[in-house]
file data29.cif (mmCIF, C-alpha atoms and all ligand atoms)
data_input
loop_
_atom_site.label_atom_id
_atom_site.label_comp_id
_atom_site.auth_asym_id
_atom_site.auth_seq_id
_atom_site.Cartn_x
_atom_site.Cartn_y
_atom_site.Cartn_z
CA MET K 31 2.92 16.25 4.82
CA GLN K 32 2.12 18.16 1.59
CA ALA K 33 2.60 16.92 -2.01
CA ASN K 34 5.98 18.63 -2.54
CA ASP K 35 7.32 17.43 0.82
CA TYR K 36 6.14 13.95 -0.16
CA ILE K 37 8.20 14.03 -3.38
CA ASP K 38 11.34 15.19 -1.51
CA ASP K 39 10.81 12.42 1.04
CA LEU K 40 10.29 9.80 -1.70
CA PHE K 41 13.48 10.88 -3.53
CA SER K 42 15.49 10.71 -0.31
CA TYR K 43 14.12 7.24 0.58
CA ILE K 44 14.79 5.68 -2.83
CA ASP K 45 18.18 7.35 -3.39
CA ARG K 46 19.31 6.02 0.00
CA SER K 47 17.91 2.54 -0.80
CA PRO K 48 20.02 1.06 -3.62
CA THR K 49 19.24 -2.51 -2.42
CA PRO K 50 16.44 -4.29 -0.49
CA TYR K 51 18.76 -4.32 2.56
CA HIS K 52 18.96 -0.53 2.54
CA ALA K 53 15.20 -0.19 1.91
CA VAL K 54 14.48 -2.30 5.00
CA ALA K 55 17.08 -0.43 7.10
CA ASN K 56 15.61 2.95 6.07
CA SER K 57 12.04 1.74 6.71
CA ALA K 58 13.06 0.40 10.13
CA ALA K 59 14.71 3.73 11.01
CA LEU K 60 11.50 5.60 10.11
CA LEU K 61 9.44 3.18 12.22
CA ARG K 62 11.80 3.57 15.20
CA ASP K 63 11.56 7.37 14.86
CA HIS K 64 7.79 7.01 15.27
CA GLY K 65 7.96 4.81 18.36
CA PHE K 66 7.84 1.32 16.82
CA ARG K 67 9.59 -1.29 18.99
CA HIS K 68 12.01 -3.75 17.39
CA LEU K 69 11.09 -7.41 17.92
CA ARG K 70 13.44 -10.29 17.15
CA GLU K 71 12.10 -13.53 15.75
CA ALA K 72 14.55 -15.44 17.96
CA ASP K 73 13.08 -13.95 21.16
CA THR K 74 10.01 -15.04 23.13
CA TRP K 75 7.20 -12.52 22.54
CA GLY K 76 4.46 -13.73 24.88
CA ILE K 77 1.17 -11.83 24.56
CA LEU K 78 2.12 -8.42 23.15
CA ALA K 79 0.69 -5.33 24.83
CA PRO K 80 -1.07 -2.75 22.62
CA GLY K 81 1.57 -0.71 20.80
CA ALA K 82 3.65 -0.51 17.60
CA TYR K 83 6.20 -3.17 16.62
CA TYR K 84 8.39 -4.27 13.71
CA LEU K 85 10.71 -7.12 12.84
CA THR K 86 12.90 -8.06 9.89
CA ARG K 87 13.98 -11.30 8.25
CA ASN K 88 17.29 -11.74 6.41
CA ASP K 89 17.66 -7.92 6.58
CA ALA K 90 15.64 -7.54 3.36
CA SER K 91 12.02 -8.26 4.42
CA LEU K 92 10.05 -6.45 7.12
CA ILE K 93 6.75 -6.77 8.98
CA ALA K 94 5.39 -3.93 11.12
CA PHE K 95 2.13 -3.74 13.00
CA THR K 96 0.17 -1.59 15.41
CA LEU K 97 -2.18 -3.10 17.97
CA SER K 98 -4.78 -0.77 19.45
CA HIS K 99 -6.00 -3.55 21.76
CA SER K 100 -4.57 -6.87 22.86
CA PRO K 101 -4.49 -9.20 19.83
CA GLN K 102 -6.65 -11.60 21.85
CA THR K 103 -9.66 -9.30 21.37
CA GLY K 104 -9.64 -10.54 17.75
CA MET K 105 -9.98 -7.17 16.01
CA PRO K 106 -9.45 -7.39 12.22
CA LEU K 107 -6.26 -6.08 10.60
CA ARG K 108 -5.91 -3.45 7.90
CA MET K 109 -3.01 -4.98 5.96
CA ALA K 110 -0.81 -3.60 3.17
CA GLY K 111 2.09 -5.30 1.36
CA ALA K 112 4.75 -4.59 -1.27
CA HIS K 113 8.12 -5.97 -2.41
CA THR K 114 11.53 -4.51 -1.60
CA ASP K 115 13.57 -5.98 -4.48
CA SER K 116 14.09 -4.71 -8.04
CA PRO K 117 15.53 -6.45 -11.10
CA GLY K 118 19.21 -5.77 -11.66
CA LEU K 119 22.73 -7.19 -11.67
CA LYS K 120 24.08 -9.11 -8.68
CA ILE K 121 27.82 -9.54 -8.17
CA LYS K 122 29.10 -13.15 -8.37
CA PRO K 123 31.10 -14.64 -5.44
CA ASN K 124 34.42 -14.68 -7.39
CA PRO K 125 33.82 -11.61 -9.52
CA ILE K 126 37.20 -10.31 -10.72
CA CYS K 127 38.73 -11.29 -14.06
CA THR K 128 41.26 -9.55 -16.32
CA ARG K 129 40.96 -9.50 -20.13
CA HIS K 130 42.49 -7.38 -22.87
CA GLY K 131 43.85 -4.76 -20.50
CA CYS K 132 40.63 -4.39 -18.54
CA VAL K 133 39.65 -5.59 -15.07
CA GLN K 134 36.07 -6.83 -15.12
CA MET K 135 33.52 -7.96 -12.58
CA GLY K 136 31.25 -10.97 -13.12
CA VAL K 137 27.54 -10.35 -12.47
CA ALA K 138 24.39 -12.47 -12.54
CA VAL K 139 21.07 -11.13 -13.82
CA TYR K 140 18.57 -10.82 -10.94
CA GLY K 141 14.93 -11.02 -12.09
CA GLY K 142 13.46 -9.74 -15.35
CA ALA K 143 15.68 -6.71 -15.89
CA LEU K 144 15.34 -4.63 -19.08
CA LEU K 145 18.99 -5.32 -19.89
CA ALA K 146 19.57 -2.74 -22.65
CA SER K 147 19.05 0.05 -20.10
CA TRP K 148 22.11 -1.08 -18.09
CA PHE K 149 24.63 -0.13 -20.78
CA ASP K 150 26.63 3.14 -20.63
CA ARG K 151 25.64 4.04 -17.07
CA PRO K 152 27.86 5.15 -14.16
CA LEU K 153 27.26 2.18 -11.84
CA SER K 154 28.04 1.77 -8.16
CA ILE K 155 28.03 -1.16 -5.72
CA ALA K 156 25.86 -1.63 -2.61
CA GLY K 157 24.52 -4.42 -0.43
CA ARG K 158 25.41 -6.55 2.57
CA VAL K 159 28.86 -7.83 3.55
CA SER K 160 29.59 -10.64 6.04
CA TRP K 161 32.95 -10.31 7.79
CA SER K 162 34.85 -11.20 10.93
CA GLY K 163 37.05 -8.91 13.02
CA ASP K 164 40.04 -9.52 15.28
CA ASP K 165 37.92 -11.38 17.84
CA GLY K 166 36.59 -13.82 15.21
CA THR K 167 32.94 -12.77 15.67
CA LEU K 168 30.80 -12.95 12.51
CA ARG K 169 29.31 -9.59 11.62
CA CYS K 170 27.09 -8.21 8.84
CA SER K 171 27.21 -4.63 7.57
CA LEU K 172 25.55 -2.70 4.76
CA ILE K 173 27.81 -0.86 2.36
CA ASP K 174 27.14 1.65 -0.41
CA CYS K 175 30.10 2.88 -2.48
CA GLN K 176 28.03 5.95 -3.56
CA ARG K 177 30.39 6.74 -6.45
CA PRO K 178 30.59 5.33 -9.98
CA VAL K 179 32.92 2.32 -9.98
CA ALA K 180 31.72 0.27 -12.96
CA VAL K 181 30.43 0.66 -16.51
CA ILE K 182 29.08 -1.69 -19.20
CA PRO K 183 30.01 0.06 -22.47
CA SER K 184 27.90 -0.60 -25.59
CA LEU K 185 29.54 -2.02 -28.68
CA ALA K 186 30.06 0.77 -31.26
CA ILE K 187 27.50 0.75 -34.07
CA HIS K 188 30.37 0.49 -36.59
CA LEU K 189 31.15 -2.98 -35.18
CA ASP K 190 27.52 -4.15 -35.31
CA ARG K 191 25.65 -2.43 -38.14
CA GLU K 192 22.40 -4.32 -37.45
CA VAL K 193 22.18 -3.37 -33.79
CA ASN K 194 19.21 -1.00 -34.24
CA ASP K 195 17.20 -3.65 -36.07
CA LYS K 196 17.98 -6.88 -34.25
CA ARG K 197 19.85 -6.59 -31.00
CA SER K 198 20.17 -9.54 -28.67
CA ILE K 199 22.04 -9.44 -25.36
CA ASN K 200 23.97 -12.49 -24.14
CA ARG K 201 23.63 -12.51 -20.35
CA GLN K 202 26.97 -14.28 -19.79
CA THR K 203 29.26 -12.50 -22.24
CA ASP K 204 27.79 -9.06 -23.10
CA LEU K 205 27.03 -7.75 -19.60
CA VAL K 206 30.40 -7.94 -17.82
CA PRO K 207 31.13 -4.50 -16.30
CA LEU K 208 34.56 -2.82 -16.50
CA VAL K 209 35.93 -1.66 -13.15
CA ALA K 210 39.58 -0.77 -13.90
CA LEU K 211 42.40 -0.96 -16.40
CA SER K 212 44.87 -3.72 -15.65
CA SER K 213 48.61 -3.43 -15.34
CA ALA K 214 50.99 -6.33 -14.93
CA ALA K 215 52.04 -5.09 -11.49
CA VAL K 216 48.68 -4.81 -9.76
CA THR K 217 45.53 -6.92 -9.99
CA PRO K 218 42.76 -5.37 -7.88
CA ASP K 219 41.69 -7.41 -4.87
CA PHE K 220 37.89 -7.15 -4.62
CA HIS K 221 37.94 -8.00 -0.91
CA GLU K 222 40.41 -5.15 -0.36
CA VAL K 223 37.98 -2.75 -2.09
CA LEU K 224 35.16 -3.95 0.15
CA ARG K 225 37.32 -3.73 3.27
CA TYR K 226 38.12 -0.10 2.42
CA GLU K 227 34.39 0.73 2.02
CA LEU K 228 33.54 -1.12 5.20
CA ALA K 229 36.25 0.62 7.25
CA SER K 230 35.01 4.05 6.14
CA ARG K 231 31.90 3.42 8.29
CA HIS K 232 33.23 0.80 10.69
CA PRO K 233 36.84 1.69 11.59
CA GLU K 234 37.14 -1.59 13.51
CA ALA K 235 36.83 -3.40 10.17
CA ALA K 236 40.16 -2.08 8.86
CA ARG K 237 41.74 -5.54 9.33
CA ALA K 238 38.51 -7.48 8.77
CA THR K 239 38.41 -10.83 7.02
CA LEU K 240 35.78 -10.58 4.28
CA LEU K 241 33.81 -13.84 4.18
CA ALA K 242 30.89 -13.38 1.77
CA PHE K 243 28.55 -10.74 0.35
CA ASP K 244 25.16 -9.98 -1.26
CA LEU K 245 26.03 -7.04 -3.52
CA PHE K 246 24.24 -5.40 -6.42
CA LEU K 247 25.11 -2.79 -9.01
CA TYR K 248 22.96 0.34 -9.20
CA ASP K 249 22.72 3.54 -11.24
CA THR K 250 24.39 6.45 -9.41
CA GLN K 251 22.17 9.04 -11.10
CA PRO K 252 19.63 10.14 -8.47
CA LEU K 253 15.88 10.42 -9.00
CA CYS K 254 14.78 13.58 -10.83
CA ARG K 255 11.75 15.48 -12.11
CA VAL K 256 11.39 15.55 -15.92
CA GLY K 257 8.89 17.32 -18.22
CA LEU K 258 8.03 20.92 -19.11
CA ASP K 259 6.26 21.25 -15.76
CA GLY K 260 8.07 18.44 -13.96
CA GLU K 261 5.17 16.04 -14.57
CA PHE K 262 7.34 12.93 -14.57
CA ILE K 263 9.46 11.35 -11.87
CA MET K 264 12.31 9.30 -13.26
CA GLY K 265 14.68 7.00 -11.41
CA GLY K 266 15.68 3.50 -10.41
CA ARG K 267 13.65 1.04 -8.31
CA LEU K 268 10.36 3.00 -8.45
CA ASP K 269 8.96 -0.55 -8.85
CA ASN K 270 8.50 -1.13 -6.01
CA LEU K 271 10.17 1.18 -3.50
CA LEU K 272 7.59 3.87 -4.28
CA SER K 273 4.98 1.47 -2.85
CA CYS K 274 7.14 0.49 0.17
CA HIS K 275 7.64 4.17 0.94
CA ALA K 276 3.91 5.00 0.67
CA ILE K 277 2.95 2.06 2.90
CA ILE K 278 5.47 2.90 5.64
CA ARG K 279 4.64 6.64 5.47
CA ALA K 280 0.90 5.93 5.67
CA LEU K 281 1.52 3.62 8.64
CA VAL K 282 3.56 6.10 10.69
CA GLN K 283 1.42 9.15 9.95
CA SER K 284 -1.98 7.63 10.78
CA ALA K 285 -3.41 7.46 14.31
CA MET K 286 -2.50 4.46 16.44
CA ASP K 287 -6.14 3.56 17.24
CA ARG K 288 -6.46 0.82 14.61
CA ASN K 289 -4.97 -2.66 14.20
CA ARG K 290 -2.74 -2.52 11.13
CA LEU K 291 -0.02 -4.72 9.65
CA VAL K 292 2.35 -4.11 6.75
CA VAL K 293 4.60 -6.66 5.07
CA LEU K 294 7.50 -5.81 2.76
CA ASN K 295 8.83 -8.95 1.05
CA ASP K 296 12.13 -9.57 -0.72
CA HIS K 297 12.48 -11.89 -3.76
CA GLU K 298 9.23 -10.96 -5.58
CA GLU K 299 11.16 -10.38 -8.79
CA VAL K 300 12.51 -13.95 -8.72
CA GLY K 301 9.27 -15.75 -7.85
CA SER K 302 8.94 -15.15 -4.06
CA VAL K 303 10.05 -18.69 -3.14
CA SER K 304 12.35 -18.08 -0.17
CA ALA K 305 12.30 -17.90 3.63
CA SER K 306 11.63 -14.16 3.42
CA GLY K 307 9.60 -14.09 0.16
CA ALA K 308 5.80 -13.95 -0.10
CA GLN K 309 5.65 -17.73 -0.71
CA GLY K 310 7.68 -18.34 2.45
CA PRO K 311 6.40 -18.61 6.04
CA PHE K 312 7.35 -15.11 7.32
CA LEU K 313 3.86 -13.57 7.53
CA GLN K 314 2.17 -16.81 8.58
CA SER K 315 4.64 -17.26 11.45
CA VAL K 316 4.03 -13.70 12.72
CA LEU K 317 0.25 -14.22 12.61
CA GLU K 318 0.60 -17.53 14.49
CA ARG K 319 2.57 -15.79 17.22
CA LEU K 320 0.09 -12.88 17.45
CA TYR K 321 -2.92 -15.21 17.45
CA PRO K 322 -1.84 -18.63 18.77
CA ASN K 323 -5.46 -19.81 18.84
CA THR K 324 -6.26 -21.17 15.35
CA ASP K 325 -9.94 -20.30 15.58
CA LEU K 326 -9.23 -16.71 16.60
CA ARG K 327 -6.50 -16.32 13.95
CA GLN K 328 -8.87 -17.48 11.21
CA GLN K 329 -11.57 -15.08 12.42
CA VAL K 330 -9.14 -12.17 12.30
CA VAL K 331 -7.71 -13.04 8.87
CA THR K 332 -11.14 -13.63 7.30
CA ASP K 333 -12.34 -10.26 8.56
CA SER K 334 -9.20 -8.40 7.43
CA LEU K 335 -8.23 -6.87 4.07
CA LEU K 336 -4.82 -6.86 2.34
CA VAL K 337 -4.00 -4.04 -0.07
CA SER K 338 -1.18 -5.49 -2.19
CA VAL K 339 0.70 -2.57 -3.75
CA ASP K 340 2.91 -2.96 -6.82
CA ASN K 341 3.33 -0.63 -9.78
CA ALA K 342 1.10 -1.08 -12.84
CA HIS K 343 1.68 -0.56 -16.57
CA ALA K 344 0.61 2.90 -17.72
CA VAL K 345 -0.33 3.16 -21.40
CA HIS K 346 2.71 4.21 -23.47
CA PRO K 347 1.64 6.58 -26.27
CA ASN K 348 4.15 5.01 -28.67
CA PHE K 349 2.91 1.49 -27.95
CA ALA K 350 -0.76 1.99 -27.01
CA ALA K 351 -1.76 -1.17 -28.89
CA GLN K 352 -0.13 -3.23 -26.12
CA HIS K 353 -3.01 -2.27 -23.80
CA ASP K 354 -6.65 -3.30 -23.65
CA PRO K 355 -8.36 -0.13 -25.00
CA GLU K 356 -10.79 0.09 -22.06
CA HIS K 357 -8.13 -0.59 -19.42
CA SER K 358 -5.27 1.75 -20.29
CA PRO K 359 -4.17 3.60 -17.12
CA GLN K 360 -2.62 7.03 -17.61
CA LEU K 361 0.15 8.74 -15.66
CA ASN K 362 -1.23 11.04 -12.92
CA GLY K 363 -4.62 9.33 -13.29
CA GLY K 364 -4.42 7.87 -9.78
CA PRO K 365 -3.80 4.40 -8.31
CA VAL K 366 -4.66 1.46 -10.57
CA ILE K 367 -6.81 -1.49 -9.47
CA LYS K 368 -5.42 -4.60 -11.20
CA THR K 369 -7.77 -7.42 -12.13
CA ASN K 370 -7.11 -10.75 -13.86
CA ALA K 371 -9.73 -13.42 -14.60
CA ASN K 372 -7.10 -16.13 -14.03
CA GLN K 373 -6.08 -14.90 -10.56
CA ARG K 374 -2.68 -13.50 -11.52
CA TYR K 375 -4.01 -10.62 -9.40
CA ALA K 376 -6.02 -11.36 -6.26
CA THR K 377 -8.58 -8.57 -6.79
CA ASN K 378 -12.27 -9.48 -6.92
CA GLY K 379 -15.40 -7.33 -7.27
CA LEU K 380 -15.73 -6.91 -3.49
CA THR K 381 -12.12 -5.99 -2.73
CA SER K 382 -12.06 -3.68 -5.76
CA ALA K 383 -15.18 -1.93 -4.45
CA LEU K 384 -13.54 -1.46 -1.04
CA PHE K 385 -10.41 0.12 -2.56
CA ARG K 386 -12.54 2.47 -4.71
CA ARG K 387 -14.19 3.65 -1.52
CA PHE K 388 -10.83 4.46 0.11
CA CYS K 389 -9.91 6.51 -2.98
CA ASP K 390 -13.29 8.30 -2.86
CA LYS K 391 -12.84 8.99 0.83
CA ALA K 392 -9.33 10.39 0.19
CA GLY K 393 -10.61 12.45 -2.77
CA VAL K 394 -8.20 10.86 -5.26
CA PRO K 395 -8.99 9.33 -8.68
CA CYS K 396 -8.44 5.64 -9.43
CA GLN K 397 -8.16 3.57 -12.60
CA GLN K 398 -8.56 -0.02 -13.79
CA PHE K 399 -6.03 -2.32 -15.47
CA VAL K 400 -6.64 -5.61 -17.25
CA MET K 401 -3.91 -7.19 -19.41
CA ARG K 402 -4.78 -7.85 -23.06
CA ASN K 403 -6.11 -11.41 -23.52
CA ASP K 404 -3.31 -12.18 -26.00
CA LEU K 405 -0.45 -11.14 -23.66
CA ALA K 406 0.84 -12.96 -20.59
CA CYS K 407 -0.04 -11.20 -17.33
CA GLY K 408 2.53 -10.51 -14.60
CA SER K 409 1.77 -11.14 -10.94
CA THR K 410 2.46 -9.72 -7.47
CA ILE K 411 2.70 -10.78 -3.85
CA GLY K 412 -1.13 -10.38 -3.66
CA PRO K 413 -2.26 -13.81 -4.94
CA LEU K 414 0.60 -15.56 -3.09
CA THR K 415 -0.28 -13.97 0.25
CA ALA K 416 -4.02 -14.50 -0.26
CA THR K 417 -3.33 -18.17 -1.07
CA ALA K 418 -1.05 -18.65 1.95
CA ILE K 419 -3.25 -17.12 4.66
CA GLY K 420 -6.72 -16.73 3.09
CA VAL K 421 -7.05 -12.96 3.47
CA PRO K 422 -9.37 -10.99 1.10
CA THR K 423 -6.97 -9.03 -1.14
CA VAL K 424 -6.95 -6.24 -3.70
CA ASP K 425 -3.99 -5.67 -6.06
CA VAL K 426 -3.29 -2.01 -6.78
CA GLY K 427 -0.34 0.22 -7.73
CA VAL K 428 0.67 3.48 -9.36
CA PRO K 429 0.85 3.54 -13.17
CA GLN K 430 4.38 3.61 -14.56
CA LEU K 431 6.33 3.43 -17.82
CA ALA K 432 9.51 1.45 -18.57
CA MET K 433 8.91 -1.15 -15.86
CA HIS K 434 12.18 -2.99 -14.96
CA SER K 435 14.39 -0.45 -16.76
CA ILE K 436 17.34 0.85 -14.74
CA ARG K 437 15.40 4.16 -14.81
CA GLU K 438 11.62 3.98 -14.66
CA THR K 439 9.05 6.77 -15.08
CA VAL K 440 5.94 7.62 -13.05
CA GLY K 441 3.67 10.68 -12.85
CA HIS K 442 4.51 13.19 -10.12
CA LEU K 443 1.03 12.96 -8.52
CA ASP K 444 0.35 9.23 -8.43
CA GLY K 445 2.52 8.34 -5.43
CA TRP K 446 0.90 11.16 -3.49
CA TYR K 447 -2.57 9.87 -4.45
CA LEU K 448 -1.55 6.37 -3.35
CA LEU K 449 -0.37 7.69 0.02
CA GLN K 450 -3.73 9.43 0.53
CA ALA K 451 -5.69 6.27 -0.35
CA LEU K 452 -3.57 4.10 2.01
CA THR K 453 -3.94 6.66 4.79
CA ALA K 454 -7.74 6.55 4.33
CA PHE K 455 -7.60 2.74 4.45
CA PHE K 456 -5.58 2.69 7.65
CA ALA K 457 -8.00 5.18 9.25
CA GLU K 458 -11.22 3.45 8.06
CA GLU K 459 -13.88 2.43 10.58
CA ASP K 460 -14.03 -1.34 11.16
CA ALA K 461 -17.20 -1.83 9.12
CA GLY K 462 -15.73 0.13 6.21
CA PHE K 463 -13.12 -2.36 5.09
CA ARG K 464 -14.79 -5.70 5.72
CA CYS K 465 -16.17 -7.81 2.86
CA PRO K 466 -19.91 -8.35 3.38
CA GLU K 467 -21.54 -11.66 2.44
CA ALA K 468 -23.67 -11.58 -0.70
CA VAL K 469 -27.44 -11.70 -0.21
CA PRO K 470 -29.15 -14.18 -2.56
ZN ZN U 501 6.87 -4.86 -8.83
#

call {"tool": "encode", "arguments": {"input": "data29.cif", "output": "structure tokens", "more": "lines below"}}
Ligand code: ZN
result
Amino acid sequence: MQANDYIDDLFSYIDRSPTPYHAVANSAALLRDHGFRHLREADTWGILAPGAYYLTRNDASLIAFTLSHSPQTGMPLRMAGAHTDSPGLKIKPNPICTRHGCVQMGVAVYGGALLASWFDRPLSIAGRVSWSGDDGTLRCSLIDCQRPVAVIPSLAIHLDREVNDKRSINRQTDLVPLVALSSAAVTPDFHEVLRYELASRHPEAARATLLAFDLFLYDTQPLCRVGLDGEFIMGGRLDNLLSCHAIIRALVQSAMDRNRLVVLNDHEEVGSVSASGAQGPFLQSVLERLYPNTDLRQQVVTDSLLVSVDNAHAVHPNFAAQHDPEHSPQLNGGPVIKTNANQRYATNGLTSALFRRFCDKAGVPCQQFVMRNDLACGSTIGPLTATAIGVPTVDVGVPQLAMHSIRETVGHLDGWYLLQALTAFFAEEDAGFRCPEAVP
């Protein structure tokens, strides 16, 4: 794959992944296309033969791995992880209300969204719907309306003269999208709208009973190149679907002669505390099934390395003072190694050194990020996973602007650089990714 093909592939993956459910479905399809076998957590696995496997949990988290030998030989794992979710607006269970001639839809704020960016956008609806058909069987389907169906209009400046100086956004009252104009005769039935969308892909659902849903709003404007020479990539969910895409691509395009494992977790943006989040037992339970012997499992994990991939803050030329002057990553400057003295990132000097070597080997630049001492530092799945299973970990990610906006901005080369570095990591000789012990 060349750099331009990579960008086309990235755009297609993210545009077709408006929710974590779609990101996992698209990742699973790519894995299946490359010979990965689907495992179910509810089945008995026994001792798995060498090969390529994947499984999902709650349709929004995924683990995939390749075993070049039987797991019982205890070979270390090259591991990479990222999160599938992005901040946004999630539709409430009883969403429809009618006020002042407008039909509106109640939404909850999911994660730390940059709320101002959600106004005046053509929004659509996507996610997972639970329904039952004529035979009463419970079924789950993904839907994506793919057309603008909602908008959150701004208040005109004439009705709020101070808006440019001191705007605040009330999450309950200011963010309710408009979906239709009301007339006395017809009040839209939200379940009817969903049934229509469902039946367009599943004709047997035409008379379905809609039971519940996990639905989000998203911006219908696709990803695009911006800049005099197209230097910027702009679009929704770059944090962190760019990383998910690079990890899955690197996994399927590297040779099968290494033991590798990737984990894509939901719920990072809301703290990771869930059955499928990085603080839950998903990864631990897979490792216990691969290596039932505790001693062997600990040997493997201790000798492995996790590259935790999540976008980083590039320096914004209009707000450069928000960065530490010596740790101000630039767009198209290559993947960023993130370090925090208080363990908000799991990187240490050894794991940082290992990642630098993968970048060197791939011939791509890399950069360093440290948050200013007087600003609170974010976190990632890296420290949570390292804490849960004890694996040496490095936190990295591509530099980006406007993190958590409905449209974020990255450089057009950084995702490509990341893919090269991950491919080098997955191909590395055993000795090349292990942490050596310090010599006194
Ligand atoms: Zn992120």

call {"tool": "closest_atom_pairs", "arguments": {"input": "data29.cif", "of": "chain K", "to": "ligand ZN 501 (chain U)", "cutoff": "6 Å", "atoms": "all atoms listed in the file", "output": "JSON lines"}}
result
{"residue": "K:Asp269", "atom": "CA", "partner": "U:ZN501", "partner_atom": "ZN", "distance": 4.8}
{"residue": "K:Asn270", "atom": "CA", "partner": "U:ZN501", "partner_atom": "ZN", "distance": 5.0}
{"residue": "K:Asp340", "atom": "CA", "partner": "U:ZN501", "partner_atom": "ZN", "distance": 4.8}
{"residue": "K:Asn341", "atom": "CA", "partner": "U:ZN501", "partner_atom": "ZN", "distance": 5.6}

call {"tool": "write_last_selection", "arguments": {"input": "data29.cif", "atoms": "C-alpha atoms", "output": "PDB file, keeping the file's coordinate frame"}}
result
ATOM      1  CA  ASP K 269       8.960  -0.550  -8.850  1.00  0.00           C
ATOM      2  CA  ASN K 270       8.500  -1.130  -6.010  1.00  0.00           C
ATOM      3  CA  ASP K 340       2.910  -2.960  -6.820  1.00  0.00           C
ATOM      4  CA  ASN K 341       3.330  -0.630  -9.780  1.00  0.00           C
TER       5      ASN K 341
END

call {"tool": "closest_atom_pairs", "arguments": {"input": "data29.cif", "of": "region 229-262 of chain K", "to": "region 171-175 of chain K", "cutoff": "10 Å", "atoms": "only C-alpha atoms", "output": "JSON lines"}}
result
{"residue": "K:Ala229", "atom": "CA", "partner": "K:Ile173", "partner_atom": "CA", "distance": 9.9}
{"residue": "K:Ser230", "atom": "CA", "partner": "K:Ile173", "partner_atom": "CA", "distance": 9.5}
{"residue": "K:Arg231", "atom": "CA", "partner": "K:Ile173", "partner_atom": "CA", "distance": 8.4}
{"residue": "K:His232", "atom": "CA", "partner": "K:Ser171", "partner_atom": "CA", "distance": 8.7}
{"residue": "K:Phe243", "atom": "CA", "partner": "K:Ser171", "partner_atom": "CA", "distance": 9.6}
{"residue": "K:Asp244", "atom": "CA", "partner": "K:Leu172", "partner_atom": "CA", "distance": 9.5}
{"residue": "K:Leu245", "atom": "CA", "partner": "K:Ile173", "partner_atom": "CA", "distance": 8.7}
{"residue": "K:Phe246", "atom": "CA", "partner": "K:Asp174", "partner_atom": "CA", "distance": 9.7}
{"residue": "K:Leu247", "atom": "CA", "partner": "K:Asp174", "partner_atom": "CA", "distance": 9.9}
{"residue": "K:Tyr248", "atom": "CA", "partner": "K:Asp174", "partner_atom": "CA", "distance": 9.8}
{"residue": "K:Thr250", "atom": "CA", "partner": "K:Cys175", "partner_atom": "CA", "distance": 9.7}

call {"tool": "residues_around", "arguments": {"input": "data29.cif", "residues": "Tyr375 (chain K)", "least_positions_apart": "6", "cutoff": "8 Å", "atoms": "only C-alpha atoms", "output": "list in words"}}
result
Lys368, Thr369, Ser409, Thr410, Gly412, Pro413, Val424 and Asp425 of chain K

call {"tool": "closest_residue", "arguments": {"input": "data29.cif", "among": "K:Thr439, K:Thr332, K:Asn34, K:Thr453", "to": "Gly257 (chain K)", "atoms": "all atoms listed in the file"}}
result
K:Thr439

call {"tool": "residues_around", "arguments": {"input": "data29.cif", "residues": "Asp38 (chain K)", "least_positions_apart": "6", "cutoff": "12 Å", "atoms": "only C-alpha atoms", "output": "PDB file with C-alpha atoms, keeping the file's coordinate frame"}}
result
ATOM      1  CA  MET K  31       2.920  16.250   4.820  1.00  0.00           C
ATOM      2  CA  GLN K  32       2.120  18.160   1.590  1.00  0.00           C
ATOM      3  CA  ILE K  44      14.790   5.680  -2.830  1.00  0.00           C
ATOM      4  CA  ASP K  45      18.180   7.350  -3.390  1.00  0.00           C
ATOM      5  CA  PRO K 252      19.630  10.140  -8.470  1.00  0.00           C
ATOM      6  CA  LEU K 253      15.880  10.420  -9.000  1.00  0.00           C
ATOM      7  CA  CYS K 254      14.780  13.580 -10.830  1.00  0.00           C
ATOM      8  CA  ARG K 255      11.750  15.480 -12.110  1.00  0.00           C
ATOM      9  CA  ILE K 263       9.460  11.350 -11.870  1.00  0.00           C
ATOM     10  CA  HIS K 275       7.640   4.170   0.940  1.00  0.00           C
ATOM     11  CA  HIS K 442       4.510  13.190 -10.120  1.00  0.00           C
ATOM     12  CA  GLY K 445       2.520   8.340  -5.430  1.00  0.00           C
ATOM     13  CA  TRP K 446       0.900  11.160  -3.490  1.00  0.00           C
TER      14      TRP K 446
END

call {"tool": "atom_distance", "arguments": {"input": "data29.cif", "atom1": "CA of Val400 (chain K)", "atom2": "CA of Leu335 (chain K)"}}
result
21.4 Å

call {"tool": "residues_near_point", "arguments": {"input": "data29.cif", "point": "(16.7, 8.0, 1.2)", "cutoff": "12 Å", "atoms": "all atoms listed in the file", "output": "list of chain:residue names"}}
result
K:Ile37, K:Asp38, K:Asp39, K:Leu40, K:Phe41, K:Ser42, K:Tyr43, K:Ile44, K:Asp45, K:Arg46, K:Ser47, K:Pro48, K:Thr49, K:His52, K:Ala53, K:Val54, K:Ala55, K:Asn56, K:Ser57, K:Ala59, K:Leu60, K:Pro252, K:Leu253, K:Leu271, K:Leu272, K:His275

call {"tool": "residues_around", "arguments": {"input": "data29.cif", "residues": "Asp165 (chain K)", "least_positions_apart": "2", "cutoff": "12 Å", "atoms": "all atoms listed in the file", "output": "list in words"}}
result
Trp161, Ser162, Gly163, Thr167, Leu168, Arg169, Glu234, Ala235, Arg237, Ala238 and Thr239 of chain K

call {"tool": "write_last_selection", "arguments": {"input": "data29.cif", "atoms": "C-alpha atoms", "output": "CSV table (one decimal), in the frame of the given file"}}
result
chain,number,residue,atom,x,y,z
K,161,TRP,CA,33.0,-10.3,7.8
K,162,SER,CA,34.8,-11.2,10.9
K,163,GLY,CA,37.0,-8.9,13.0
K,167,THR,CA,32.9,-12.8,15.7
K,168,LEU,CA,30.8,-13.0,12.5
K,169,ARG,CA,29.3,-9.6,11.6
K,234,GLU,CA,37.1,-1.6,13.5
K,235,ALA,CA,36.8,-3.4,10.2
K,237,ARG,CA,41.7,-5.5,9.3
K,238,ALA,CA,38.5,-7.5,8.8
K,239,THR,CA,38.4,-10.8,7.0
